[in-house]
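Encoded as structure tokens, the structure appears first; notes follow it.
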Amino acid sequence: MSEETQSPEETPLAAEGARGEGEALAALEAEVAALKEQVLRYAADAENIRRRAERETNDARAYAIQKFARDLLGVADTLGRALAAPPAGEDAAVRNFVVGVEMTQKALLAAFESNGLKSVTPSAGDRFDPHLHQAMMEQDSPDLSPGSVIQCLQPGYELLGRLVRPAMVVVASRNSSGAGEAGEAPGSRLDTRA
């Protein structure tokens, strides 16, 4: 018998060996596919973690001045109150002092603006927005519709779109134009922040 021809006894063993090798190969290919999928999943997770860390770093950098800005808002308020009630008199020194306070306030507000801190000051007649305003009180107002801002007591501020301090406002009450519903307490529809 030559080497090229196989006996009938060797053929089933060879076929079984080939089948075993095929199954082993299929198992290895399945394992490789599963490992590739796992590697892709880990790579996607790593990319998501990198993006999240980058976003958190950018937010931390952008909003790092929030506490500092909140502390300076009191200074801006004090300068505003000083300018709202200037001292009486036509003395040149008093006028120069008032001009100096105005310049200081303008410089502070310019510094706020250049760092992304923007004033939120509603005008009379604007709609009350509980996301931007804090209702300090309600008053009757025959000229304005209920829920409208009558007066801004203190401006609010946003830092890059995030509210740092809400504007404190006086709001027209529901009874101001007779629009209140029967049985409803005055001012019960307003959301106020404590």
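By order in the structure tokens, chains are A, B, ...; within a chain, residues start at 1; ligands start at 1, following the order shown.
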
Dump as a Markdown table the rows for residues of segment 29-69 of chain A within 10 Å of segment 150-171 of chain A: closest atom pair and distance in Å with one decimal, only C-alpha atoms counted, ordered by chain and rising residue number.
```
| residue | atom | partner | partner_atom | distance |
| --- | --- | --- | --- | --- |
| A:Ala62 | CA | A:Leu160 | CA | 7.8 |
| A:Tyr63 | CA | A:Leu159 | CA | 7.3 |
| A:Ile65 | CA | A:Leu159 | CA | 8.8 |
| A:Gln66 | CA | A:Leu159 | CA | 7.0 |
| A:Lys67 | CA | A:Val164 | CA | 8.6 |
| A:Ala69 | CA | A:Val164 | CA | 8.3 |
```

Tell me, as a CSV table (one decimal) with all heavy atoms, in the first residue's frame, which residues lie within 7 Å of Ala172 of chain A, counting only C-alpha atoms; anything in the same chain fewer than 3 positions away does not count.
```csv
chain,number,residue,atom,x,y,z
A,138,GLU,N,-46.0,90.2,47.0
A,138,GLU,CA,-47.0,90.5,46.0
A,138,GLU,C,-47.8,91.8,46.3
A,138,GLU,O,-48.0,92.1,47.5
A,138,GLU,CB,-48.1,89.3,45.9
A,138,GLU,CG,-47.6,88.1,45.3
A,138,GLU,CD,-48.7,87.0,45.2
A,138,GLU,OE1,-49.6,87.0,46.1
A,138,GLU,OE2,-48.7,86.4,44.2
A,139,GLN,N,-48.1,92.5,45.3
A,139,GLN,CA,-48.9,93.7,45.5
A,139,GLN,C,-50.0,93.8,44.4
A,139,GLN,O,-49.8,93.2,43.3
A,139,GLN,CB,-48.0,95.0,45.3
A,139,GLN,CG,-47.0,95.3,46.4
A,139,GLN,CD,-46.2,96.5,46.1
A,139,GLN,OE1,-46.2,97.1,45.0
A,139,GLN,NE2,-45.5,97.0,47.1
A,140,ASP,N,-51.0,94.5,44.7
A,140,ASP,CA,-52.1,94.7,43.8
A,140,ASP,C,-51.5,95.7,42.7
A,140,ASP,O,-50.8,96.7,43.1
A,140,ASP,CB,-53.3,95.3,44.4
A,140,ASP,CG,-54.0,94.3,45.3
A,140,ASP,OD1,-53.8,93.1,45.0
A,140,ASP,OD2,-54.8,94.6,46.1
A,141,SER,N,-51.8,95.5,41.5
A,141,SER,CA,-51.4,96.5,40.4
A,141,SER,C,-52.5,96.5,39.4
A,141,SER,O,-52.7,95.5,38.6
A,141,SER,CB,-50.1,96.0,39.8
A,141,SER,OG,-49.8,96.8,38.7
A,144,LEU,N,-50.8,96.1,35.7
A,144,LEU,CA,-50.1,94.9,35.2
A,144,LEU,C,-51.0,93.6,35.4
A,144,LEU,O,-51.7,93.6,36.4
A,144,LEU,CB,-48.8,94.8,35.9
A,144,LEU,CG,-47.8,95.9,35.7
A,144,LEU,CD1,-46.6,95.7,36.6
A,144,LEU,CD2,-47.4,95.9,34.3
A,145,SER,N,-50.8,92.7,34.6
A,145,SER,CA,-51.5,91.4,34.7
A,145,SER,C,-50.9,90.6,35.9
A,145,SER,O,-49.7,90.8,36.2
A,145,SER,CB,-51.4,90.6,33.4
A,145,SER,OG,-50.1,90.3,33.1
A,146,PRO,N,-51.7,89.8,36.5
A,146,PRO,CA,-51.2,88.9,37.6
A,146,PRO,C,-50.0,88.1,37.2
A,146,PRO,O,-50.0,87.6,36.1
A,146,PRO,CB,-52.4,88.1,38.0
A,146,PRO,CG,-53.6,88.8,37.4
A,146,PRO,CD,-53.1,89.5,36.2
A,147,GLY,N,-49.0,88.0,38.1
A,147,GLY,CA,-47.9,87.2,37.8
A,147,GLY,C,-46.8,88.0,37.0
A,147,GLY,O,-45.7,87.4,36.7
A,148,SER,N,-47.0,89.3,36.8
A,148,SER,CA,-46.0,90.1,36.2
A,148,SER,C,-45.1,90.8,37.3
A,148,SER,O,-45.6,91.0,38.4
A,148,SER,CB,-46.7,91.3,35.4
A,148,SER,OG,-47.4,90.7,34.3
A,149,VAL,N,-43.9,91.1,36.9
A,149,VAL,CA,-43.0,91.7,37.8
A,149,VAL,C,-43.4,93.2,37.9
A,149,VAL,O,-43.6,93.9,36.8
A,149,VAL,CB,-41.5,91.6,37.3
A,149,VAL,CG1,-40.6,92.4,38.1
A,149,VAL,CG2,-41.1,90.1,37.3
A,150,ILE,N,-43.5,93.7,39.1
A,150,ILE,CA,-43.8,95.1,39.3
A,150,ILE,C,-42.5,95.9,39.5
A,150,ILE,O,-42.3,97.0,38.9
A,150,ILE,CB,-44.7,95.3,40.6
A,150,ILE,CG1,-46.1,94.7,40.4
A,150,ILE,CG2,-44.9,96.8,40.9
A,150,ILE,CD1,-47.0,94.7,41.6
A,176,SER,N,-55.0,91.7,41.6
A,176,SER,CA,-54.8,93.0,41.1
A,176,SER,C,-55.7,93.4,39.9
A,176,SER,O,-56.0,94.6,39.8
A,176,SER,CB,-53.3,93.2,40.7
A,176,SER,OG,-53.0,92.3,39.7
```

Those in chain A with strand (DSSP E or B) from DSSP, as an NGL selection string: :A and (117-120 or 127 or 133-139 or 148-154 or 156-159 or 162-165 or 167-172)

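Nearest to Gly116 of chain A of all the residues A:Leu132, A:Ala64, A:Leu35, A:Val75 is A:Ala64, based on only C-alpha atoms.
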
Two-atom distance - atom CA of Leu109 of chain A, atom CA of Arg81 of chain A (Å): 14.4 Å

Counting only C-alpha atoms, the option among A:Ala124, A:Ile49, A:Leu79, A:Leu117 closest to Val101 of chain A: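 Counting only C-alpha atoms, the residue closest to Val101 of chain A is A:Leu79.
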
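As for atom CA of Pro86 of chain A and atom CA of Ala107 of chain A, they are spaced 18.8 Å apart.
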
Atom pair atom CA of Asn96 of chain A / atom CA of Thr121 of chain A: separation (Å):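 For atom CA of Asn96 of chain A relative to atom CA of Thr121 of chain A, the distance reads 27.9 Å.
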
DSSP alpha helix (DSSP H) residues within segment 13-194 of chain A, listed as a PyMOL selection string: chain A and resi 13-62+66-84+92-114

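Using only C-alpha atoms, the smallest distance between any of A:Gly80, A:Ser119, A:His131, A:Gly89 and Met103 of chain A comes from A:Gly80.
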